[in-house]
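Listing of data_17.cif, mmCIF, C-alpha atoms
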```cif
data_start
#
loop_
_atom_site.label_atom_id
_atom_site.label_comp_id
_atom_site.auth_asym_id
_atom_site.auth_seq_id
_atom_site.Cartn_x
_atom_site.Cartn_y
_atom_site.Cartn_z
CA MET A 1 -12.77 -17.13 -15.13
CA GLN A 2 -12.43 -13.37 -15.38
CA THR A 3 -13.68 -11.79 -18.59
CA PRO A 4 -11.63 -9.22 -20.57
CA SER A 5 -14.21 -6.59 -19.58
CA THR A 6 -13.74 -7.39 -15.89
CA GLN A 7 -9.96 -7.17 -16.22
CA ARG A 8 -10.19 -3.85 -18.07
CA THR A 9 -12.37 -2.46 -15.28
CA GLY A 10 -9.92 -3.80 -12.73
CA LEU A 11 -7.02 -2.11 -14.51
CA LEU A 12 -8.89 1.21 -14.49
CA PHE A 13 -9.48 0.88 -10.75
CA GLY A 14 -5.85 -0.14 -10.21
CA PHE A 15 -4.48 2.81 -12.18
CA ALA A 16 -6.84 5.11 -10.26
CA ALA A 17 -5.73 3.74 -6.87
CA TYR A 18 -1.99 3.81 -7.44
CA GLY A 19 -2.22 7.03 -9.45
CA MET A 20 -3.93 8.78 -6.54
CA TRP A 21 -1.39 7.39 -4.07
CA GLY A 22 1.41 8.56 -6.34
CA LEU A 23 -0.06 12.06 -6.64
CA LEU A 24 -0.74 12.49 -2.91
CA PRO A 25 2.48 14.55 -2.49
CA LEU A 26 0.70 17.34 -4.41
CA TYR A 27 -2.10 17.30 -1.83
CA TRP A 28 0.21 17.31 1.20
CA HIS A 29 2.42 19.95 -0.41
CA ALA A 30 -0.60 22.26 -0.61
CA LEU A 31 -0.69 21.97 3.19
CA ALA A 32 3.05 22.44 3.66
CA ASP A 33 2.54 25.57 5.79
CA VAL A 34 0.52 23.53 8.29
CA GLY A 35 2.51 21.45 10.75
CA ALA A 36 2.85 17.80 9.76
CA GLY A 37 1.39 16.73 13.11
CA GLU A 38 -1.77 18.77 12.58
CA VAL A 39 -2.18 17.51 9.01
CA LEU A 40 -1.79 13.93 10.24
CA ALA A 41 -4.35 14.49 13.01
CA HIS A 42 -6.88 15.92 10.56
CA ARG A 43 -6.26 12.99 8.21
CA MET A 44 -7.15 10.62 11.05
CA VAL A 45 -10.13 12.58 12.35
CA TRP A 46 -11.79 13.09 8.96
CA SER A 47 -11.10 9.51 7.86
CA LEU A 48 -13.55 8.11 10.44
CA PRO A 49 -16.72 9.87 9.18
CA THR A 50 -15.65 8.99 5.64
CA ALA A 51 -15.33 5.35 6.65
CA LEU A 52 -18.70 5.38 8.44
CA VAL A 53 -20.43 6.76 5.34
CA ILE A 54 -18.87 4.03 3.19
CA VAL A 55 -19.83 1.26 5.63
CA ALA A 56 -23.37 2.64 5.89
CA LEU A 57 -23.76 2.73 2.10
CA LEU A 58 -22.50 -0.86 1.85
CA ARG A 59 -24.57 -1.93 4.89
CA ARG A 60 -21.65 -3.91 6.27
CA TRP A 61 -21.80 -3.70 10.06
CA SER A 62 -21.69 -7.36 11.13
CA TRP A 63 -17.88 -7.41 11.33
CA VAL A 64 -17.88 -4.81 14.14
CA SER A 65 -19.39 -7.05 16.82
CA ALA A 66 -17.24 -9.98 15.67
CA LEU A 67 -14.09 -7.86 15.99
CA VAL A 68 -14.99 -6.57 19.48
CA ARG A 69 -15.37 -10.19 20.67
CA GLN A 70 -11.79 -11.02 19.60
CA PRO A 71 -9.33 -9.17 21.89
CA LYS A 72 -6.25 -10.55 20.11
CA LYS A 73 -7.49 -9.41 16.73
CA LEU A 74 -8.51 -6.04 18.17
CA GLY A 75 -5.00 -5.68 19.59
CA LEU A 76 -3.55 -6.27 16.13
CA VAL A 77 -5.85 -3.57 14.73
CA VAL A 78 -4.52 -1.14 17.35
CA LEU A 79 -0.95 -2.10 16.43
CA ALA A 80 -1.70 -1.67 12.71
CA SER A 81 -3.17 1.77 13.43
CA ALA A 82 -0.01 2.81 15.28
CA VAL A 83 2.31 1.59 12.52
CA ILE A 84 0.37 3.20 9.67
CA SER A 85 0.20 6.43 11.71
CA VAL A 86 4.00 6.48 11.78
CA ASN A 87 4.10 5.86 8.03
CA TRP A 88 1.54 8.59 7.28
CA GLY A 89 3.24 11.08 9.56
CA LEU A 90 6.69 10.49 8.08
CA PHE A 91 5.37 10.81 4.55
CA ILE A 92 3.48 14.05 5.24
CA TRP A 93 6.57 15.50 6.95
CA ALA A 94 8.83 14.38 4.08
CA VAL A 95 6.68 16.21 1.53
CA SER A 96 6.66 19.38 3.64
CA VAL A 97 10.48 19.46 3.76
CA ASP A 98 11.00 18.61 0.06
CA ARG A 99 12.11 14.99 0.45
CA VAL A 100 9.70 13.39 -2.01
CA LEU A 101 12.49 11.55 -3.87
CA GLU A 102 13.58 9.84 -0.65
CA SER A 103 9.95 8.92 -0.01
CA SER A 104 9.61 7.37 -3.47
CA LEU A 105 12.77 5.33 -2.83
CA GLY A 106 11.18 3.99 0.36
CA TYR A 107 8.13 2.73 -1.52
CA PHE A 108 10.34 1.25 -4.24
CA ILE A 109 12.24 -0.66 -1.52
CA ASN A 110 9.04 -1.77 0.23
CA PRO A 111 8.43 -4.95 -1.87
CA LEU A 112 11.97 -6.12 -1.11
CA VAL A 113 11.46 -5.55 2.62
CA SER A 114 8.16 -7.47 2.46
CA ILE A 115 9.99 -10.41 0.85
CA ALA A 116 12.66 -10.29 3.58
CA PHE A 117 9.91 -10.32 6.22
CA GLY A 118 8.40 -13.36 4.54
CA VAL A 119 11.68 -15.25 4.89
CA LEU A 120 12.60 -14.13 8.39
CA LEU A 121 9.18 -14.11 10.06
CA LEU A 122 6.93 -16.39 8.02
CA ARG A 123 9.61 -18.90 7.01
CA GLU A 124 8.78 -18.56 3.33
CA ARG A 125 11.22 -20.06 0.82
CA LEU A 126 12.59 -17.81 -1.92
CA ARG A 127 13.52 -18.64 -5.47
CA VAL A 128 17.02 -17.77 -6.70
CA ALA A 129 15.82 -14.65 -8.54
CA GLN A 130 14.07 -13.38 -5.40
CA TRP A 131 17.26 -13.82 -3.36
CA ALA A 132 19.14 -11.92 -6.07
CA ALA A 133 16.60 -9.06 -5.97
CA VAL A 134 16.89 -8.74 -2.19
CA ALA A 135 20.69 -8.76 -2.40
CA ILE A 136 20.69 -6.03 -5.08
CA GLY A 137 18.30 -3.96 -2.96
CA ALA A 138 20.62 -4.31 0.05
CA ALA A 139 23.53 -3.22 -2.15
CA ALA A 140 21.54 -0.10 -3.13
CA VAL A 141 21.19 0.86 0.55
CA VAL A 142 24.93 0.36 1.06
CA VAL A 143 25.75 2.52 -1.98
CA MET A 144 23.53 5.37 -0.80
CA THR A 145 24.86 5.09 2.76
CA VAL A 146 28.48 5.37 1.57
CA ALA A 147 27.64 8.19 -0.86
CA TYR A 148 25.72 10.28 1.68
CA GLY A 149 27.76 9.32 4.70
CA LYS A 150 24.61 8.21 6.52
CA LEU A 151 21.79 5.70 6.21
CA PRO A 152 18.84 6.77 4.01
CA TRP A 153 16.79 6.55 7.19
CA LEU A 154 13.65 8.17 5.83
CA SER A 155 13.39 5.73 2.91
CA LEU A 156 14.08 2.77 5.20
CA CYS A 157 11.56 3.92 7.84
CA LEU A 158 8.84 4.31 5.20
CA ALA A 159 9.68 0.92 3.66
CA PHE A 160 9.84 -0.95 6.97
CA SER A 161 6.76 0.71 8.48
CA PHE A 162 4.61 -0.07 5.45
CA ALA A 163 5.96 -3.63 5.21
CA THR A 164 5.23 -4.10 8.93
CA TYR A 165 1.72 -2.76 8.38
CA GLY A 166 1.21 -5.27 5.56
CA LEU A 167 2.47 -8.09 7.78
CA ILE A 168 0.03 -7.18 10.56
CA LYS A 169 -2.84 -6.87 8.07
CA LYS A 170 -2.06 -10.39 6.87
CA HIS A 171 -2.91 -11.65 10.35
CA VAL A 172 -5.88 -9.35 10.98
CA LYS A 173 -7.69 -10.56 7.83
CA LEU A 174 -10.11 -7.67 7.41
CA ASP A 175 -10.82 -6.40 3.91
CA GLY A 176 -9.97 -2.87 2.77
CA VAL A 177 -13.09 -1.03 3.92
CA GLU A 178 -13.41 -2.92 7.20
CA GLY A 179 -9.73 -2.56 8.05
CA PHE A 180 -9.74 1.14 7.17
CA SER A 181 -12.83 1.70 9.34
CA ALA A 182 -11.43 -0.19 12.33
CA GLU A 183 -8.05 1.54 12.18
CA THR A 184 -9.48 5.04 11.84
CA ALA A 185 -11.82 4.34 14.77
CA VAL A 186 -8.70 3.63 16.87
CA GLN A 187 -6.94 6.77 15.59
CA PHE A 188 -9.89 9.11 16.03
CA LEU A 189 -9.85 9.98 19.74
CA PRO A 190 -6.06 10.58 20.10
CA ALA A 191 -6.10 12.70 16.94
CA LEU A 192 -9.15 14.66 18.07
CA GLY A 193 -7.53 15.25 21.46
CA PHE A 194 -4.43 16.64 19.76
CA LEU A 195 -6.52 19.00 17.61
CA ILE A 196 -8.44 20.21 20.68
CA TYR A 197 -5.11 20.83 22.41
CA LEU A 198 -3.86 22.89 19.43
CA GLY A 199 -7.11 24.87 19.42
CA SER A 200 -6.84 25.62 23.15
CA ARG A 201 -3.38 27.10 22.53
CA GLY A 202 -4.54 29.14 19.57
CA GLU A 203 -2.29 27.14 17.24
CA SER A 204 -4.94 25.50 15.06
CA SER A 205 -4.58 26.45 11.40
CA PHE A 206 -8.02 24.95 10.71
CA VAL A 207 -9.76 28.03 12.12
CA SER A 208 -7.09 30.66 11.45
CA ASP A 209 -5.84 30.08 7.89
CA GLY A 210 -9.00 30.59 5.90
CA PRO A 211 -11.74 28.39 4.40
CA GLY A 212 -9.52 27.00 1.63
CA ASN A 213 -7.07 25.55 4.11
CA ALA A 214 -9.91 24.21 6.28
CA LEU A 215 -11.50 22.51 3.25
CA LEU A 216 -8.21 20.83 2.31
CA LEU A 217 -7.80 19.52 5.84
CA ALA A 218 -11.39 18.29 6.00
CA CYS A 219 -11.03 16.47 2.66
CA ALA A 220 -7.96 14.57 3.90
CA GLY A 221 -10.25 11.70 4.90
CA VAL A 222 -11.64 11.41 1.37
CA ALA A 223 -8.12 11.63 -0.09
CA THR A 224 -7.19 8.71 2.16
CA ALA A 225 -10.28 6.59 1.52
CA LEU A 226 -10.76 6.92 -2.25
CA PRO A 227 -7.56 5.16 -3.39
CA LEU A 228 -8.21 2.43 -0.84
CA ILE A 229 -11.69 1.83 -2.28
CA PHE A 230 -10.33 1.78 -5.82
CA PHE A 231 -7.61 -0.63 -4.75
CA GLY A 232 -10.17 -2.98 -3.21
CA SER A 233 -12.18 -2.90 -6.43
CA ALA A 234 -9.05 -3.70 -8.47
CA ALA A 235 -7.91 -6.50 -6.17
CA VAL A 236 -11.08 -8.57 -6.73
CA ARG A 237 -10.85 -8.21 -10.53
CA LEU A 238 -7.14 -8.67 -11.26
CA PRO A 239 -4.58 -11.44 -10.72
CA LEU A 240 -2.13 -10.89 -7.88
CA SER A 241 0.75 -10.67 -10.38
CA THR A 242 -0.90 -7.69 -12.08
CA ILE A 243 -1.50 -5.97 -8.73
CA GLY A 244 2.18 -6.54 -7.95
CA LEU A 245 3.19 -4.70 -11.12
CA LEU A 246 0.77 -1.84 -10.57
CA GLN A 247 2.21 -1.12 -7.11
CA TYR A 248 5.31 0.41 -8.72
CA LEU A 249 3.19 3.17 -10.25
CA ALA A 250 2.84 5.12 -6.99
CA PRO A 251 6.58 5.54 -6.25
CA ALA A 252 7.20 6.16 -9.97
CA PHE A 253 4.74 9.07 -9.89
CA MET A 254 6.38 10.36 -6.70
CA PHE A 255 9.80 10.17 -8.34
CA VAL A 256 8.62 12.18 -11.35
CA LEU A 257 6.97 14.77 -9.07
CA GLY A 258 10.14 15.10 -7.01
CA LEU A 259 12.20 15.82 -10.12
CA THR A 260 9.83 17.92 -12.24
CA VAL A 261 7.45 19.66 -9.84
CA PHE A 262 9.40 20.01 -6.60
CA HIS A 263 12.80 20.28 -8.35
CA GLU A 264 14.67 18.23 -5.77
CA GLU A 265 18.35 17.49 -6.30
CA MET A 266 19.36 14.21 -7.92
CA PRO A 267 23.14 13.80 -7.56
CA PRO A 268 24.91 10.84 -9.23
CA GLU A 269 25.11 8.81 -6.02
CA ARG A 270 21.34 9.03 -5.62
CA PHE A 271 20.86 7.93 -9.23
CA ALA A 272 23.17 4.97 -8.52
CA GLY A 273 21.07 3.92 -5.54
CA PHE A 274 17.80 4.29 -7.42
CA GLY A 275 19.28 2.41 -10.39
CA LEU A 276 20.19 -0.60 -8.25
CA VAL A 277 16.71 -0.64 -6.70
CA TRP A 278 15.13 -0.54 -10.16
CA VAL A 279 17.35 -3.45 -11.27
CA ALA A 280 16.20 -5.41 -8.20
CA LEU A 281 12.55 -4.69 -8.98
CA ALA A 282 13.07 -5.66 -12.64
CA VAL A 283 14.51 -9.03 -11.52
CA LEU A 284 11.63 -9.48 -9.08
CA THR A 285 9.03 -8.64 -11.74
CA TRP A 286 10.61 -10.94 -14.33
CA ASP A 287 10.64 -13.81 -11.82
CA ALA A 288 7.02 -13.20 -10.79
CA LEU A 289 5.80 -13.14 -14.42
CA ARG A 290 7.78 -16.28 -15.30
CA HIS A 291 6.48 -18.12 -12.23
CA ALA A 292 2.89 -17.08 -12.97
CA ARG A 293 3.22 -18.17 -16.61
CA ARG A 294 4.58 -21.58 -15.55
CA GLY A 295 1.74 -21.95 -13.07
CA ARG A 296 -0.86 -21.24 -15.76
CA ALA A 297 0.84 -23.68 -18.15
CA ALA A 298 0.87 -26.41 -15.50
CA LEU A 299 -2.80 -25.78 -14.75
CA ARG A 300 -3.73 -26.02 -18.44
CA ALA A 301 -1.72 -29.24 -18.81
CA ALA A 302 -3.47 -30.76 -15.78
CA GLU A 303 -6.90 -29.80 -17.16
CA THR A 304 -6.04 -31.29 -20.57
CA ALA A 305 -4.79 -34.53 -19.00
CA ALA A 306 -7.95 -34.82 -16.90
CA ALA A 307 -10.16 -34.26 -19.95
CA GLU A 308 -8.25 -36.88 -21.98
CA ALA A 309 -8.49 -39.38 -19.11
CA ALA A 310 -12.23 -38.83 -18.89
CA LEU A 311 -12.65 -39.44 -22.64
CA ALA A 312 -10.48 -42.58 -22.54
CA GLU A 313 -12.40 -44.16 -19.67
CA PRO A 314 -14.71 -46.95 -20.95
CA PRO A 315 -18.44 -46.41 -20.42
CA VAL A 316 -20.03 -48.21 -17.53
CA ALA A 317 -22.43 -50.92 -18.70
CA GLU A 318 -25.94 -50.46 -17.45
CA SER A 319 -27.84 -53.44 -16.15
CA VAL A 320 -31.29 -53.88 -17.66
CA ASP A 321 -34.02 -55.80 -15.82
CA ARG A 322 -35.76 -58.30 -18.04
#
```

Rewrite the coordinates I just gave you, this time as structure tokens.
Amino acid sequence: MQTPSTQRTGLLFGFAAYGMWGLLPLYWHALADVGAGEVLAHRMVWSLPTALVIVALLRRWSWVSALVRQPKKLGLVVLASAVISVNWGLFIWAVSVDRVLESSLGYFINPLVSIAFGVLLLRERLRVAQWAAVAIGAAAVVVMTVAYGKLPWLSLCLAFSFATYGLIKKHVKLDGVEGFSAETAVQFLPALGFLIYLGSRGESSFVSDGPGNALLLACAGVATALPLIFFGSAAVRLPLSTIGLLQYLAPAFMFVLGLTVFHEEMPPERFAGFGLVWVALAVLTWDALRHARRGRAALRAAETAAAEAALAEPPVAESVDR
């Protein structure tokens, strides 16, 4: 049983994780003059030494040899690395071209895509409210497609890539630090090769745009790792239902940044699409809370019945040798 103190600590870690993820557009916007490809490559390159420091501090190396001996699992790690690279690259590019609102929509849609994946690929059964939420989310995409005259492809690519990443991670079964370390190890050499190529052509901003720019690029690994560590600390202290609610903080922060800091346009048709997505998420949240509450009530009833049965059971007579 988790104590109130443990849950409070978990909430602090959860707010820190999703808050940092939600504020990442500020970080990538500070690097907007650097090409998105170079920023992505630096994020990958500097993530590996960050991961190695974390693993060394935790003294958790045993998983490495176990992973190398499992080619299928290693293949899934490579696939996860490729998918999250696409997600990272799209997000960094979106911030650099002032499309933060579209990015936030993608991460709002992500839970609905994950549910759809569960049905289509894992044969999970949905409750009525979950079906309704997915249908409302699909309607939101239709509304924005009709209003804009084209699919909101950036939002959908971000949602589907991150949902695919989550699906692969479900099968890899490595925890946050281990998964992050394995994936960045896969990303490191291709990213380093790309940076060397840029340097050979005299196109590397790391050495030409001053120490401030170089420091921001070098700290990209820390900016990637810190929220992941905080998330891992929250996940072991909080119920899954609470984590599910906290995940909406990141796109909410992005949405606010897009409106108030980056001053992106928000025409009525975009508000309509966002509004439908928020209705879908409200339905999904209500259903998750109700289901969790019923589960806790059923558990308490079962515990009470077991205790009453134990009290009602007659004592066993002991035989005494004369």

I'd like the neighbourhood of Ile136 of chain A as an NGL selection string, where a residue qualifies if any of its atoms comes within 9 Å (using only C-alpha atoms), though same-chain residues fewer than 3 positions away should be ignored. :A and (131-133 or 139-141 or 276-277 or 279-280)

I would like the residues chosen by the PyMOL selection byres ((chain A and resi 9-15) around 8) on the shown file; could you give them as an NGL selection string? :A and (5-8 or 16-19 or 230-231 or 233-238 or 243 or 246 or 249)

Any chance you could resolve the PyMOL selection byres ((chain A and resi 281) around 12) against this file and give the residues as an MDAnalysis selection string? chainID A and resid 105 107:113 115 129:137 140 244:245 247:248 274:280 282:288

Report, in Å with one decimal, the straight-line distance from atom CA of Ala252 of chain A to atom CA of Leu101 of chain A.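 Separating atom CA of Ala252 of chain A from atom CA of Leu101 of chain A is a distance of 9.7 Å.
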
Name the residues in contact with segment 216-226 of chain A at a cut-off of 9 Å, using only C-alpha atoms, excluding same-chain residues fewer than 4 positions from it; report them as a ChimeraX atom specification. /A:17,20-21,24,27,30-31,39-40,42-51,177,180,206,211-212,230-231

Quote the spacing between atom CA of Leu156 of chain A and atom CA of Gly232 of chain A in Å to one decimal place.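 Computed distance, atom CA of Leu156 of chain A to atom CA of Gly232 of chain A, equals 26.3 Å.
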
Given the choices A:Asp33, A:Glu178, A:Asp98, A:Glu265, which gets closest to Leu52 of chain A if the distance is worked out from only C-alpha atoms?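 Ranked by minimum distance to Leu52 of chain A, first place goes to A:Glu178.
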